[in-house]
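For reference, work01.txt (compact mmCIF, C-alpha atoms):
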```txt
# COMPACT_ATOMS: atom_id res chain seq x y z
CA MET A 1 5.85 34.16 4.57
CA ILE A 2 4.27 30.74 4.78
CA THR A 3 5.56 28.40 7.50
CA TYR A 4 6.69 24.83 6.87
CA GLU A 5 3.66 23.54 8.78
CA GLU A 6 1.29 25.63 6.63
CA GLU A 7 3.04 24.41 3.48
CA MET A 8 2.70 20.77 4.57
CA ASN A 9 -0.98 21.24 5.41
CA ASN A 10 -1.53 22.77 1.96
CA ARG A 11 0.25 19.84 0.33
CA ARG A 12 -1.73 17.30 2.35
CA ASP A 13 -4.98 19.03 1.32
CA TYR A 14 -3.83 19.00 -2.31
CA VAL A 15 -3.02 15.26 -2.14
CA LYS A 16 -6.39 14.46 -0.59
CA PHE A 17 -8.27 16.51 -3.20
CA SER A 18 -6.19 15.17 -6.12
CA LEU A 19 -6.62 11.51 -5.21
CA GLU A 20 -10.33 11.85 -4.51
CA ASP A 21 -10.71 13.69 -7.83
CA THR A 22 -8.65 11.07 -9.71
CA TRP A 23 -10.89 8.37 -8.27
CA ALA A 24 -14.06 10.30 -9.15
CA ARG A 25 -12.83 10.60 -12.76
CA ARG A 26 -11.78 6.95 -13.06
CA GLN A 27 -13.87 6.43 -16.19
CA LEU A 28 -11.24 8.56 -17.99
CA TRP A 29 -8.37 6.16 -17.22
CA GLU A 30 -10.02 2.88 -16.26
CA ASN A 31 -9.12 -0.01 -18.57
CA GLU A 32 -12.25 -2.15 -18.77
CA GLU A 33 -10.43 -4.81 -20.80
CA THR A 34 -8.60 -6.02 -17.71
CA ASN A 35 -10.15 -8.12 -14.99
CA LEU A 36 -8.90 -5.63 -12.41
CA GLU A 37 -11.02 -3.35 -10.30
CA PRO A 38 -10.19 0.29 -11.06
CA PHE A 39 -8.51 0.70 -7.66
CA ALA A 40 -6.01 -2.01 -8.66
CA GLN A 41 -5.00 -0.46 -11.98
CA GLN A 42 -1.58 1.05 -12.60
CA PRO A 43 -2.74 4.64 -13.35
CA PHE A 44 -4.30 4.92 -9.88
CA PHE A 45 -1.24 3.33 -8.22
CA ASP A 46 1.06 5.71 -10.11
CA THR A 47 -0.95 8.75 -9.00
CA ILE A 48 -0.90 7.61 -5.37
CA TRP A 49 2.86 6.95 -5.58
CA GLU A 50 3.53 10.36 -7.12
CA MET A 51 1.55 12.10 -4.37
CA SER A 52 3.48 10.19 -1.68
CA THR A 53 6.95 10.81 -3.12
CA THR A 54 6.79 13.99 -5.19
CA ILE A 55 4.10 16.23 -3.72
CA LEU A 56 4.72 15.13 -0.14
CA PRO A 57 8.36 14.70 0.87
CA ASN A 58 8.31 10.88 1.04
CA LEU A 59 5.39 10.61 3.44
CA GLU A 60 3.03 7.65 3.59
CA VAL A 61 -0.36 8.06 1.95
CA GLN A 62 -3.36 5.77 2.38
CA VAL A 63 -6.46 5.42 0.25
CA VAL A 64 -9.56 3.48 1.28
CA ILE A 65 -12.31 2.55 -1.18
CA ASP A 66 -15.51 1.64 0.66
CA ASP A 67 -18.48 -0.52 -0.35
CA ASN A 68 -20.15 2.47 -2.05
CA ASP A 69 -16.99 3.19 -4.11
CA ASN A 70 -16.26 6.29 -2.04
CA CYS A 71 -12.61 7.28 -1.74
CA PHE A 72 -11.05 8.33 1.59
CA VAL A 73 -7.49 9.67 1.74
CA SER A 74 -5.03 10.55 4.50
CA SER A 75 -1.29 11.13 4.78
CA GLY A 76 1.10 10.50 7.63
CA SER A 77 4.80 10.42 8.38
CA SER A 78 7.62 8.68 6.52
CA GLY A 79 6.83 5.45 8.36
CA PHE A 80 3.20 5.56 9.51
CA VAL A 81 -0.22 6.64 8.27
CA SER A 82 -3.68 6.53 9.85
CA PHE A 83 -6.95 8.37 9.87
CA MET A 84 -6.95 10.76 12.81
CA GLN A 85 -10.69 10.25 13.05
CA GLU A 86 -13.01 7.72 11.48
CA PRO A 87 -13.93 8.86 7.95
CA ALA A 88 -17.49 10.18 7.89
CA GLY A 89 -19.76 8.16 5.64
CA LEU A 90 -17.47 5.12 5.29
CA LYS A 91 -19.56 2.06 4.37
CA LEU A 92 -18.31 -1.41 5.22
CA PRO A 93 -16.98 -3.66 3.93
CA ILE A 94 -13.92 -1.89 2.64
CA LYS A 95 -13.25 -2.91 -0.95
CA CYS A 96 -9.63 -1.88 -0.82
CA TRP A 97 -6.98 -0.30 1.40
CA ILE A 98 -3.93 1.08 -0.40
CA HIS A 99 -0.95 2.64 1.32
CA THR A 100 2.58 3.60 0.36
CA HIS A 101 6.05 2.84 1.66
CA PRO A 102 7.77 5.88 0.15
CA PHE A 103 11.24 4.60 1.10
CA GLY A 104 10.81 2.17 -1.79
CA ARG A 105 9.96 -1.33 -0.55
CA ALA A 106 6.57 -3.06 -0.80
CA TYR A 107 6.10 -5.36 2.20
CA PHE A 108 3.83 -5.59 5.22
CA SER A 109 5.31 -4.30 8.44
CA GLY A 110 4.04 -5.62 11.77
CA THR A 111 1.64 -2.65 11.88
CA ASP A 112 0.34 -3.50 8.40
CA TRP A 113 -0.25 -7.15 9.39
CA ASN A 114 -2.08 -5.96 12.51
CA THR A 115 -4.27 -3.71 10.36
CA VAL A 116 -5.31 -6.48 7.95
CA ASN A 117 -5.81 -8.91 10.85
CA ILE A 118 -8.15 -6.49 12.60
CA TRP A 119 -10.04 -5.56 9.42
CA GLN A 120 -9.94 -8.98 7.74
CA LYS A 121 -13.70 -9.64 7.96
CA ASN A 122 -14.52 -6.11 6.77
CA MET A 123 -11.83 -5.59 4.12
CA LYS A 124 -11.59 -7.44 0.81
CA GLU A 125 -8.18 -6.39 -0.53
CA ALA A 126 -5.11 -4.38 0.41
CA TYR A 127 -2.12 -3.09 -1.51
CA VAL A 128 1.19 -1.65 -0.36
CA LEU A 129 3.05 0.42 -2.94
CA GLY A 130 6.85 0.48 -2.94
CA GLY A 131 7.47 2.17 -6.30
CA TYR A 132 6.28 2.24 -9.86
CA GLU A 133 5.16 -1.30 -10.78
CA HIS A 134 6.32 -2.52 -7.34
CA PHE A 135 3.52 -3.47 -4.96
CA GLY A 136 2.23 -6.07 -2.52
CA PHE A 137 -1.26 -7.56 -2.80
CA TRP A 138 -3.31 -9.08 0.06
CA GLN A 139 -6.83 -10.48 0.03
CA ASN A 140 -9.06 -11.74 2.83
CA THR A 141 -9.54 -15.12 1.11
CA ASP A 142 -5.84 -15.89 1.79
CA PRO A 143 -5.20 -13.65 4.79
CA ASN A 144 -1.70 -14.84 5.73
CA VAL A 145 -0.09 -14.11 2.36
CA LEU A 146 1.12 -10.90 0.77
CA THR A 147 2.10 -11.42 -2.88
CA ILE A 148 4.80 -8.95 -3.86
CA GLN A 149 5.25 -7.96 -7.48
CA GLU A 150 8.28 -6.18 -8.84
CA SER A 151 7.34 -5.84 -12.50
CA ASN A 152 10.22 -3.49 -13.12
CA LEU A 153 12.59 -6.30 -12.04
CA GLY A 154 10.49 -9.09 -13.50
CA TYR A 155 9.81 -11.24 -10.45
CA GLN A 156 7.23 -12.05 -7.84
CA TYR A 157 7.54 -13.50 -4.34
CA GLU A 158 5.49 -13.83 -1.18
CA GLN A 159 5.63 -12.70 2.41
CA TYR A 160 3.78 -14.91 4.87
CA GLN A 161 2.43 -14.58 8.36
CA ASP A 162 2.47 -17.80 10.38
CA GLU A 163 -0.10 -18.93 12.94
CA ASN A 164 1.77 -16.95 15.63
CA LYS A 165 1.57 -13.79 13.48
CA ASN A 166 5.33 -13.85 12.72
CA ASN A 167 6.58 -12.58 9.36
CA ILE A 168 8.08 -15.20 7.06
CA TYR A 169 9.53 -14.18 3.73
CA GLY A 170 9.12 -16.48 0.73
CA CYS A 171 12.42 -16.20 -0.85
CA SER A 172 13.73 -13.24 -2.47
CA CYS A 173 15.75 -13.06 0.73
CA TRP A 174 15.00 -9.84 2.55
CA THR A 175 13.92 -8.74 5.97
CA ASP A 176 12.12 -5.74 7.40
CA SER A 177 14.70 -5.40 10.17
CA GLY A 178 16.09 -2.36 8.38
CA VAL A 179 14.54 0.71 6.83
CA PRO A 180 14.38 0.16 3.97
CA PRO A 181 14.31 -3.63 4.31
CA VAL A 182 17.71 -5.25 3.88
CA THR A 183 18.54 -7.78 1.17
CA TYR A 184 20.47 -10.85 2.31
CA THR A 185 20.74 -14.56 1.48
CA CYS A 186 18.73 -16.71 3.90
CA GLU A 187 19.84 -20.10 5.23
CA ASN A 188 17.41 -22.02 2.99
CA CYS A 189 18.76 -20.36 -0.15
CA LEU A 190 22.35 -20.92 0.98
CA GLU A 191 21.58 -24.63 1.39
CA GLU A 192 19.95 -24.76 -2.06
CA GLU A 193 23.02 -23.12 -3.64
CA GLU A 194 25.35 -25.82 -2.20
```
Will you turn the file into structure tokens for me?
Amino acid sequence: MITYEEEMNNRRDYVKFSLEDTWARRQLWENEETNLEPFAQQPFFDTIWEMSTTILPNLEVQVVIDDNDNCFVSSGSSGFVSFMQEPAGLKLPIKCWIHTHPFGRAYFSGTDWNTVNIWQKNMKEAYVLGGYEHFGFWQNTDPNVLTIQESNLGYQYEQYQDENKNNIYGCSCWTDSGVPPVTYTCENCLEEEE
């Protein structure tokens, strides 16, 4: 009988292989009519999300696309993901870092902000996936802003980081003080309603 640990290792290996294979076969699903890089296209996001929520039991997954278009994949816990060792052959700069929040909210946690702050000069873009058509987008040309898109709900808003590295949410009124983040009405929106 296979143990839980063995089963999870098998699933992690399957996720790594599947995402690397999906990336290698991107010419089959890439839509060249868009202005988007293939790593920023919905079919790739959907595959990453499925691996994080269906194949793995709601565990974070990260994908890094390097300067040579190589794909590196790892999986973590329900609230954290990292590479246990530096990926062999990774060429800087990183074109894109994608990771999931399988509990269903796309935002940058303090750890995520620290990651992009450390890698800012060597990473062009980052995405955090919070569901199908729900993601946050960061780029090093505007390093204190995460633009959050919820296509399935039809709106977009921003999360900011101020000069002291504090999180500030552009209104859609939510905070990362809970897991998942909690919706509320902030003081500015209350004042605007009056």
Note to self: Give me, as a list in words, all polymer residues having an atom no more than 12 Å from Tyr14 (chain A), counting only C-alpha atoms and skipping those fewer than 2 positions away in the same chain.
What the structure shows: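 Neighbouring residues, sequence-local ones excluded: Glu7, Met8, Asn9, Asn10, Arg11, Arg12, Lys16, Phe17, Ser18, Leu19, Glu20, Asp21, Thr22, Met51, Ser52, Ile55, Leu56, Val73, Ser74 and Ser75 of chain A.
Near region 96-108 of chain A, within 6 Å and counting all atoms listed in the file, sit Thr53, Asn58, Glu60, Val61, Gln62, Val63, Val64, Ile65, Glu125, Ala126, Tyr127, Val128, Leu129, Gly130, Gly131, Phe135 and Gly136 of chain A; same-chain residues fewer than 6 positions away were not included.
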Notebook entry, point to check: Between CA of Val81 (chain A) and CA of Trp119 (chain A), what is the spacing in Å?
Noted result: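 Computing it gives 15.7 Å between the two atoms.
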Q: Please indicate the distance in Å from CA of Leu146 (chain A) to CA of Ile118 (chain A), rounded to one decimal place.
A: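 Computing it gives 15.7 Å between the two atoms.
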Point-to-point distance in Å for CA of Asn144 (chain A) and CA of Tyr160 (chain A):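 Spanning CA of Tyr160 (chain A) to CA of Asn144 (chain A) is a straight-line distance of 5.5 Å.
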Next on the checklist: Let me make sure I understand: among A:Phe83, A:Lys124, A:Ala40, A:Ile148, which one has the smallest atom-to-atom distance to Asp67 (chain A) if we use all atoms listed in the file?
Outcome noted: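 Of all the options, A:Lys124 lies closest to Asp67 (chain A).
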Can you pull out every residue within 10 Å of Glu37 (chain A), counting all atoms listed in the file, but drop anything in the same chain fewer than 4 positions away, and send it as a PyMOL selection string?
chain A and resi 30-32+41+95-96
Since the input lacks atoms, please generate N, CA and C atoms for region 76-106 of chain A and provide them as a CSV table (one decimal), in the frame of the given file.
```
chain,number,residue,atom,x,y,z
A,76,GLY,N,0.5,10.6,6.3
A,76,GLY,CA,1.1,10.5,7.6
A,76,GLY,C,2.5,10.9,7.6
A,77,SER,N,3.4,10.1,8.3
A,77,SER,CA,4.8,10.4,8.4
A,77,SER,C,5.5,9.6,7.4
A,78,SER,N,6.8,9.5,7.4
A,78,SER,CA,7.6,8.7,6.5
A,78,SER,C,7.5,7.2,6.8
A,79,GLY,N,6.9,6.9,8.0
A,79,GLY,CA,6.8,5.4,8.4
A,79,GLY,C,5.5,5.0,8.9
A,80,PHE,N,4.5,5.9,8.9
A,80,PHE,CA,3.2,5.6,9.5
A,80,PHE,C,2.1,6.5,8.9
A,81,VAL,N,0.9,5.9,8.7
A,81,VAL,CA,-0.2,6.6,8.3
A,81,VAL,C,-1.5,6.1,8.9
A,82,SER,N,-2.4,7.0,9.3
A,82,SER,CA,-3.7,6.5,9.8
A,82,SER,C,-4.7,7.6,9.6
A,83,PHE,N,-5.9,7.3,9.9
A,83,PHE,CA,-7.0,8.4,9.9
A,83,PHE,C,-7.0,8.9,11.3
A,84,MET,N,-6.9,10.2,11.5
A,84,MET,CA,-7.0,10.8,12.8
A,84,MET,C,-8.3,10.6,13.4
A,85,GLN,N,-9.3,10.5,12.6
A,85,GLN,CA,-10.7,10.2,13.0
A,85,GLN,C,-11.3,9.4,12.0
A,86,GLU,N,-12.3,8.6,12.4
A,86,GLU,CA,-13.0,7.7,11.5
A,86,GLU,C,-13.6,8.5,10.3
A,87,PRO,N,-13.4,8.1,9.1
A,87,PRO,CA,-13.9,8.9,8.0
A,87,PRO,C,-15.5,8.9,8.0
A,88,ALA,N,-16.0,10.0,7.9
A,88,ALA,CA,-17.5,10.2,7.9
A,88,ALA,C,-18.1,9.6,6.6
A,89,GLY,N,-19.1,8.7,6.8
A,89,GLY,CA,-19.8,8.2,5.6
A,89,GLY,C,-19.2,6.9,5.1
A,90,LEU,N,-18.1,6.4,5.7
A,90,LEU,CA,-17.5,5.1,5.3
A,90,LEU,C,-18.4,4.0,5.4
A,91,LYS,N,-18.6,3.2,4.3
A,91,LYS,CA,-19.6,2.1,4.4
A,91,LYS,C,-18.8,0.8,4.2
A,92,LEU,N,-19.0,-0.1,5.2
A,92,LEU,CA,-18.3,-1.4,5.2
A,92,LEU,C,-19.1,-2.4,4.4
A,93,PRO,N,-18.4,-3.4,3.8
A,93,PRO,CA,-17.0,-3.7,3.9
A,93,PRO,C,-16.1,-2.7,3.1
A,94,ILE,N,-14.9,-2.7,3.4
A,94,ILE,CA,-13.9,-1.9,2.6
A,94,ILE,C,-13.5,-2.7,1.4
A,95,LYS,N,-13.7,-2.2,0.3
A,95,LYS,CA,-13.2,-2.9,-1.0
A,95,LYS,C,-11.7,-3.0,-1.0
A,96,CYS,N,-11.1,-1.9,-0.7
A,96,CYS,CA,-9.6,-1.9,-0.8
A,96,CYS,C,-9.0,-0.8,0.1
A,97,TRP,N,-7.8,-1.2,0.7
A,97,TRP,CA,-7.0,-0.3,1.4
A,97,TRP,C,-5.6,-0.3,0.7
A,98,ILE,N,-5.2,0.9,0.3
A,98,ILE,CA,-3.9,1.1,-0.4
A,98,ILE,C,-3.1,2.0,0.4
A,99,HIS,N,-1.8,1.7,0.7
A,99,HIS,CA,-1.0,2.6,1.3
A,99,HIS,C,0.5,2.5,0.7
A,100,THR,N,1.3,3.6,0.9
A,100,THR,CA,2.6,3.6,0.4
A,100,THR,C,3.7,3.4,1.4
A,101,HIS,N,4.8,2.9,0.9
A,101,HIS,CA,6.0,2.8,1.7
A,101,HIS,C,7.0,3.7,0.8
A,102,PRO,N,7.0,5.0,1.0
A,102,PRO,CA,7.8,5.9,0.2
A,102,PRO,C,9.3,5.7,0.2
A,103,PHE,N,9.8,4.9,1.1
A,103,PHE,CA,11.2,4.6,1.1
A,103,PHE,C,11.6,3.5,0.1
A,104,GLY,N,10.6,3.0,-0.6
A,104,GLY,CA,10.8,2.2,-1.8
A,104,GLY,C,10.8,0.7,-1.6
A,105,ARG,N,10.0,0.1,-0.7
A,105,ARG,CA,10.0,-1.3,-0.6
A,105,ARG,C,8.5,-1.7,-0.2
A,106,ALA,N,7.9,-2.6,-1.0
A,106,ALA,CA,6.6,-3.1,-0.8
A,106,ALA,C,6.6,-4.3,0.1
```
